[in-house]
Each structure stands twice: as C-alpha cells, then as structure tokens.
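What follows is model_24.cif (mmCIF, C-alpha atoms).
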```
data_data
#
loop_
_atom_site.label_atom_id
_atom_site.label_comp_id
_atom_site.auth_asym_id
_atom_site.auth_seq_id
_atom_site.Cartn_x
_atom_site.Cartn_y
_atom_site.Cartn_z
CA MET A 1 6.63 -0.16 22.64
CA GLU A 2 9.91 -2.08 22.30
CA GLU A 3 8.18 -4.68 20.13
CA GLN A 4 6.75 -1.91 17.90
CA GLU A 5 10.17 -0.25 17.60
CA ASP A 6 11.71 -3.59 16.59
CA VAL A 7 9.11 -3.99 13.83
CA PHE A 8 9.87 -0.51 12.49
CA LYS A 9 13.61 -1.18 12.59
CA LYS A 10 13.28 -4.42 10.64
CA PHE A 11 10.99 -2.75 8.11
CA TYR A 12 13.39 0.07 7.28
CA ASP A 13 16.53 -2.02 7.55
CA SER A 14 15.12 -4.16 4.73
CA PHE A 15 15.28 -1.14 2.39
CA LYS A 16 18.71 0.21 3.34
CA ASN A 17 20.76 -2.02 1.08
CA MET A 18 18.12 -2.70 -1.52
CA ASP A 19 19.79 -3.66 -4.78
CA GLY A 20 17.98 -3.32 -8.08
CA HIS A 21 14.98 -1.44 -9.44
CA PHE A 22 11.90 -1.70 -7.24
CA HIS A 23 8.23 -1.69 -8.18
CA ILE A 24 5.41 -0.74 -5.82
CA LEU A 25 1.94 -2.14 -6.32
CA GLU A 26 -0.12 1.05 -6.46
CA HIS A 27 -3.58 -0.52 -6.38
CA ARG A 28 -5.01 -1.54 -3.03
CA VAL A 29 -5.12 -5.34 -2.99
CA PRO A 30 -5.70 -7.28 0.26
CA ILE A 31 -2.64 -9.30 1.28
CA GLU A 32 -4.67 -12.54 1.17
CA GLN A 33 -5.57 -11.95 -2.49
CA GLN A 34 -1.96 -11.13 -3.35
CA MET A 35 -0.81 -14.44 -1.87
CA GLU A 36 -3.58 -16.28 -3.71
CA TYR A 37 -2.51 -14.68 -6.99
CA PHE A 38 1.19 -15.59 -6.64
CA LYS A 39 0.44 -19.21 -5.69
CA TYR A 40 -1.85 -19.49 -8.70
CA SER A 41 0.63 -17.76 -11.01
CA ASN A 42 3.44 -20.10 -9.96
CA ARG A 43 1.32 -23.11 -10.90
CA ILE A 44 0.40 -21.57 -14.26
CA ARG A 45 4.01 -20.70 -15.05
CA LYS A 46 5.15 -24.30 -14.57
CA ASP A 47 2.62 -25.60 -17.09
CA SER A 48 2.70 -22.76 -19.62
CA HIS A 49 4.35 -22.64 -23.06
CA GLU A 50 5.59 -19.72 -25.11
CA MET A 51 2.68 -17.61 -26.29
CA ASN A 52 2.26 -17.59 -30.07
CA ASP A 53 0.06 -15.47 -32.36
CA VAL A 54 -2.85 -17.90 -32.16
CA ASP A 55 -2.71 -17.90 -28.36
CA TYR A 56 -2.57 -14.11 -28.23
CA ASP A 57 -5.56 -13.64 -30.55
CA ARG A 58 -7.54 -16.16 -28.50
CA TYR A 59 -6.69 -14.35 -25.26
CA VAL A 60 -7.80 -11.02 -26.70
CA SER A 61 -11.11 -12.51 -27.82
CA ASN A 62 -11.72 -14.38 -24.57
CA LEU A 63 -11.05 -11.37 -22.34
CA GLU A 64 -13.72 -9.49 -24.30
CA ASN A 65 -16.18 -12.38 -23.97
CA VAL A 66 -18.69 -11.43 -21.26
CA GLU A 67 -19.88 -15.05 -21.06
CA LEU A 68 -16.46 -16.53 -20.30
CA SER A 69 -16.14 -17.73 -16.71
CA LYS A 70 -14.21 -15.84 -14.07
CA GLU A 71 -11.85 -18.79 -13.60
CA GLU A 72 -10.97 -18.92 -17.30
CA LYS A 73 -10.19 -15.20 -17.35
CA LYS A 74 -8.05 -15.52 -14.20
CA LYS A 75 -6.00 -18.16 -16.00
CA ILE A 76 -5.61 -15.98 -19.10
CA LEU A 77 -4.44 -13.00 -17.04
CA ALA A 78 -1.85 -15.11 -15.23
CA MET A 79 -0.61 -16.60 -18.51
CA LEU A 80 -0.25 -13.16 -20.06
CA ALA A 81 1.66 -11.96 -17.00
CA SER A 82 4.28 -14.69 -17.30
CA SER A 83 4.72 -14.54 -21.09
CA LYS A 84 7.58 -11.98 -21.14
CA GLN A 85 6.07 -10.32 -24.20
CA VAL A 86 5.43 -6.61 -24.70
CA ARG A 87 2.10 -7.22 -26.43
CA ALA A 88 0.91 -9.20 -23.39
CA TYR A 89 1.78 -6.28 -21.13
CA ARG A 90 -0.07 -3.86 -23.42
CA LEU A 91 -3.11 -6.14 -23.42
CA LEU A 92 -3.09 -6.23 -19.62
CA GLU A 93 -2.77 -2.44 -19.56
CA ARG A 94 -5.89 -2.15 -21.70
CA TYR A 95 -7.79 -4.71 -19.66
CA VAL A 96 -7.21 -2.98 -16.31
CA GLN A 97 -8.84 0.14 -17.74
CA HIS A 98 -12.15 -1.75 -18.09
CA PRO A 99 -11.83 -5.05 -16.19
CA ASP A 100 -14.56 -7.43 -15.16
CA GLU A 101 -15.71 -6.14 -11.79
CA GLU A 102 -14.79 -9.27 -9.85
CA LEU A 103 -11.31 -9.42 -11.43
CA VAL A 104 -10.07 -5.88 -10.73
CA ASN A 105 -7.50 -6.90 -8.11
CA TRP A 106 -6.42 -9.95 -10.07
CA ALA A 107 -5.86 -7.81 -13.18
CA TYR A 108 -3.67 -5.33 -11.31
CA MET A 109 -1.59 -8.15 -9.87
CA ALA A 110 -1.13 -9.62 -13.35
CA LEU A 111 -0.11 -6.24 -14.72
CA MET A 112 2.49 -5.79 -11.98
CA GLU A 113 3.93 -9.28 -12.54
CA SER A 114 4.07 -8.66 -16.29
CA ARG A 115 5.94 -5.38 -15.81
CA ILE A 116 8.50 -6.95 -13.49
CA THR A 117 8.99 -10.03 -15.70
CA LEU A 118 9.32 -7.93 -18.85
CA GLU A 119 11.76 -5.40 -17.40
CA SER A 120 13.88 -8.15 -15.91
CA GLU A 121 14.05 -9.84 -19.31
CA LEU A 122 14.71 -6.69 -21.37
CA LEU A 123 16.98 -4.76 -19.00
CA GLY A 124 18.84 -7.65 -17.43
CA LYS A 125 18.59 -5.98 -14.02
CA LYS A 126 17.22 -7.29 -10.76
CA GLN A 127 13.60 -6.24 -10.22
CA VAL A 128 12.26 -5.95 -6.66
CA TYR A 129 8.53 -6.22 -5.94
CA ILE A 130 7.13 -4.29 -2.96
CA SER A 131 3.51 -4.70 -2.01
CA THR A 132 1.31 -3.85 0.95
CA GLY A 133 -2.42 -4.02 1.53
CA LEU A 134 -2.72 -0.25 1.09
CA GLY A 135 -0.63 0.00 -2.07
CA GLY A 136 1.40 3.07 -2.99
CA LYS A 137 2.31 5.55 -5.69
CA GLY A 138 5.55 5.85 -7.63
CA LYS A 139 8.35 5.23 -5.15
CA LYS A 140 6.16 5.80 -2.09
CA LEU A 141 4.10 3.47 0.11
CA ARG A 142 0.70 4.40 1.48
CA PHE A 143 0.41 4.29 5.29
CA TYR A 144 -2.53 4.69 7.62
CA VAL A 145 -1.77 6.48 10.91
CA LEU A 146 -3.96 6.89 13.99
CA ILE A 147 -2.89 9.28 16.74
CA ILE A 148 -5.08 9.76 19.80
CA SER A 149 -5.37 12.69 22.15
CA SER A 150 -3.51 12.70 25.45
CA ARG A 151 -5.59 11.41 28.37
CA GLY A 152 -8.63 11.03 26.11
CA VAL A 153 -9.35 14.78 26.19
CA SER A 154 -11.23 16.32 23.25
CA PHE A 155 -9.31 18.67 20.99
CA VAL A 156 -10.08 22.40 21.10
CA ASP A 157 -9.93 24.73 18.10
CA TYR A 158 -6.35 25.94 18.48
CA GLN A 159 -5.11 22.35 18.84
CA ARG A 160 -6.85 21.37 15.60
CA LYS A 161 -5.12 24.26 13.83
CA VAL A 162 -1.73 23.22 15.24
CA ILE A 163 -2.27 19.62 14.09
CA GLU A 164 -3.26 20.75 10.60
CA LYS A 165 -0.30 23.10 10.27
CA GLU A 166 2.43 20.91 11.76
CA PHE A 167 1.49 17.71 9.95
CA ARG A 168 1.18 19.35 6.53
CA TYR A 169 4.42 21.29 6.93
CA ALA A 170 6.60 18.46 8.25
CA LEU A 171 5.31 15.80 5.87
CA SER A 172 5.65 18.04 2.83
CA LYS A 173 9.21 18.93 3.89
CA ASN A 174 10.06 15.22 3.91
CA ASP A 175 8.60 14.57 0.43
CA CYS A 176 5.48 12.88 1.81
CA GLU A 177 2.04 13.33 0.25
CA ILE A 178 -1.06 13.54 2.41
CA GLU A 179 -4.02 11.76 0.88
CA ARG A 180 -6.33 12.33 3.85
CA LEU A 181 -6.00 14.14 7.16
CA THR A 182 -9.03 13.78 9.44
CA ILE A 183 -9.15 15.39 12.87
CA GLY A 184 -11.81 13.75 15.02
CA THR A 185 -12.94 14.69 18.50
CA ARG A 186 -10.19 12.73 20.26
CA TYR A 187 -8.03 11.33 17.47
CA VAL A 188 -6.25 12.13 14.21
CA GLU A 189 -6.39 9.89 11.14
CA LEU A 190 -3.77 10.24 8.45
CA VAL A 191 -3.42 8.46 5.11
CA VAL A 192 -0.10 9.42 3.59
CA PHE A 193 2.37 8.38 0.88
CA ILE A 194 5.85 7.92 2.37
CA PRO A 195 9.12 7.37 0.41
CA VAL A 196 10.14 3.75 1.01
CA LYS A 197 13.45 4.62 2.67
CA LEU A 198 12.05 7.30 4.98
CA ASP A 199 11.60 6.41 8.67
CA ILE A 200 7.91 7.22 9.25
CA LYS A 201 8.17 6.46 12.99
CA LYS A 202 10.88 9.09 13.45
CA ILE A 203 8.94 11.66 11.41
CA LEU A 204 5.72 11.11 13.37
CA GLU A 205 7.52 11.35 16.70
CA GLU A 206 9.02 14.67 15.64
CA ILE A 207 5.64 16.05 14.53
CA ILE A 208 3.94 14.97 17.78
CA ARG A 209 6.76 16.57 19.74
CA GLU A 210 6.32 19.86 17.86
CA CYS A 211 2.55 19.80 18.40
CA ASN A 212 2.98 19.13 22.09
CA LEU A 213 5.04 22.28 22.54
CA TYR A 214 1.61 23.93 22.52
CA GLY A 215 0.13 21.98 25.39
CA ASN A 216 0.90 18.22 25.41
CA PHE A 217 -2.41 17.30 23.80
CA LEU A 218 -1.26 14.36 21.61
CA SER A 219 -0.43 10.94 23.02
CA GLU A 220 2.95 9.48 22.12
CA ILE A 221 1.19 6.17 21.53
CA PHE A 222 0.20 5.90 17.87
CA THR A 223 -0.76 3.24 15.34
CA VAL A 224 0.88 2.90 11.91
CA THR A 225 -0.08 0.25 9.34
CA ASN A 226 0.25 -0.37 5.62
CA VAL A 227 -2.12 -3.34 5.66
CA LYS A 228 -5.53 -1.66 5.90
CA GLU A 229 -7.29 1.43 7.21
CA LEU A 230 -8.90 1.07 10.62
CA ASN A 231 -12.67 1.28 10.86
CA GLN A 232 -14.60 3.09 13.58
CA GLU A 233 -14.87 -0.03 15.71
CA ASP A 234 -11.08 -0.46 15.60
CA ILE A 235 -10.59 3.19 16.55
CA ASN A 236 -13.03 2.95 19.45
CA GLN A 237 -11.18 -0.07 20.82
CA ILE A 238 -7.87 1.80 20.72
CA LEU A 239 -9.43 4.84 22.39
CA GLU A 240 -10.83 2.60 25.11
CA LYS A 241 -7.49 0.86 25.63
CA TYR A 242 -5.14 3.85 25.47
CA GLY A 243 -7.38 6.90 25.85
CA ASN A 244 -6.43 7.45 29.48
CA ASP A 245 -2.70 6.91 29.03
CA LEU A 246 -0.51 9.82 30.03
CA ILE A 247 1.75 11.39 27.44
CA GLY A 248 5.31 10.13 27.62
CA ARG A 249 4.32 6.89 29.31
#
```
Would you mind giving the structure from this file in structure tokens?
Amino acid sequence: MEEQEDVFKKFYDSFKNMDGHFHILEHRVPIEQQMEYFKYSNRIRKDSHEMNDVDYDRYVSNLENVELSKEEKKKILAMLASSKQVRAYRLLERYVQHPDEELVNWAYMALMESRITLESELLGKKQVYISTGLGGKGKKLRFYVLIISSRGVSFVDYQRKVIEKEFRYALSKNDCEIERLTIGTRYVELVVFIPVKLDIKKILEEIIRECNLYGNFLSEIFTVTNVKELNQEDINQILEKYGNDLIGR
C-alpha cells in the first residue's frame, strides 16, 4: 500500500504547480500508439518545410483518396499537425469526423498536436499536454476504479443501494462525472471523469468509509488506473488475490 500511496502522491504533486494552459487528449488512445505517434512526428518535423498552397491542396486531395496507402496518410497527418497553420487544424478537424478506420487514433493524436502547436504559436503561452490510455473530457481525466467486497462476500440489496447512493452523491459533489457504475456480485466497477487536480485516492477512501458505516462490506483495497479498463480475467485475478482480505488490513 505504501508503494501505491507514493504513486498517487507523485501523480498529484505533478499538477500542483502546473504552469500554462493544459490540454487533455479526450480520445482513448493506447499509450504505445501515443509514443509511436510522437516518435514519428518528431522525425517528420525535422525534415518538413513550411506548408504552401500547393502542399495544402495536395494534402486535401490525398486524404480523400481511398487508394492512398495508410503510411502516406500517416505522414500527411503528422505534417499537418506540425505546420502551425489554422487551415491545417481545420482540415484535421474535418478528417477526424470521417477518418480511415485504421487511422482513427493517429488522426486524434495529430489533431491534438496541431491544437497545442497552433495555440502556442498564436497565444505565446506555454501549452501542457496531458494524455492517458483512457483519455478524458475538458479538464478532467477518465479513471477506471475497481473496488471489491470485504472478505469476498456477495453484496446484498441494501448494500447495492448504499453503494449507488454514496458514490453518485460524493462524486457529483466533487465535480466528478460518472460514465459507468457497475455493481457486480462481489465488486464495483467505476469509470469516472475526475478534475486533474483532485485527489481521487482521498475521495475514494472517503466514499468507502461512508459506505462501511452500514456494515463494513467494502474492502479498503482498491485498484485505480487511467491506462485501460480491466477485463473479467483481470478482475477474477484480483478477487482471487485479495477477496479474502479483511477490511482495514
């Protein structure tokens, strides 16, 4: 638990003194693909030249060309993203509305880079990029939370009602938005948008404490991630590992 607490502390400390305007990648893009995009974009930027009218018209035509290869379109998107031109940003905006299926994530990454580059150029202010595997919305990051029952005991009806009520009330009060709240037989899944500077660990501990006033039925051991949602196999492994742990351990 000390290791987990240290991770949370480092995460929120990084936002305390954040200087500049920050952008959150709203689309869900796996971390590996984000890293691939930025490495590729850096290479393109070093070899690129200022986009002129001929270049722009060619990019528009090529993005609409269904026969153009995926690799060629990836290059065009990266070049548009680094051009520092409003028309390039608008073109990327249009493209992400109807992208080639295999380039959806790449297009959203290019749009984000274009927005940051353009605003930095036009406003002269520092732009901060924040991305996670689960994305976000506005000034909030999306988190996945898994909370298991205490001692692996199945929830009864009144406990389900308490969970529903306490989580919705407390999260709403703290300007969080629940995207999904699923109450399983022995666990609770939560997908929620959290303001970047809000301490989600503290909030969850408070909610669990309130729920447990009605019978100590939630474990104080919980999982929080902004990388990906857990699948059923992941959940089963956690239940097997921690399902018999006593509350407060």
Discussion item. Once the PyMOL selection byres ((chain A and resi 35-49) around 9) is applied to the coordinates I shared, what remains selected? I want it as a PyMOL selection string.
Written reply: chain A and resi 30-34+50-52+75+78-79+81-83+106+109-110
Worksheet entry | Matched chain/residue IDs from the PyMOL selection byres ((chain A and resi 164-170) around 12), as a PyMOL selection string | chain A and resi 145+147+157-163+171-184+188-192+200+202-214
Fill in: Matched chain/residue IDs from the PyMOL selection byres ((chain A and resi 111) around 7), as a ChimeraX atom specification
/A:81,89,92-93,107-110,112-115
Rows by chain and residue number, range 150-199 of chain A within 9 Å of range 218-225 of chain A, shortest pair, only C-alpha atoms, as a tab-separated table:
```
residue	atom	partner	partner_atom	distance
A:Ser150	CA	A:Ser219	CA	4.3
A:Arg151	CA	A:Ser219	CA	7.4
A:Gly152	CA	A:Ser219	CA	8.8
A:Tyr187	CA	A:Leu218	CA	8.5
```
Worksheet item: What gap, in Å, lies between CA of Glu26 in chain A and CA of Ile148 in chain A?
Response: 28.1 Å
Worksheet item: So how far away is CA of Asn226 in chain A from CA of Leu134 in chain A, in Å?
Response: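 Distance between the two atoms: 5.4 Å.
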Worksheet item: Interatomic distance between CA of Val96 in chain A and CA of Glu71 in chain A?
Response: 16.7 Å
Around all the atoms of range 37-54 of chain A listed in the file, draw an axis-aligned box and extend it by 6 Å on each of the six sides; I want its centre and edge lengths in Å to one decimal, as lines of an AutoDock Vina configuration file.
```
center_x = 1.4
center_y = -20.1
center_z = -19.0
size_x = 20.4
size_y = 22.9
size_z = 38.7
```
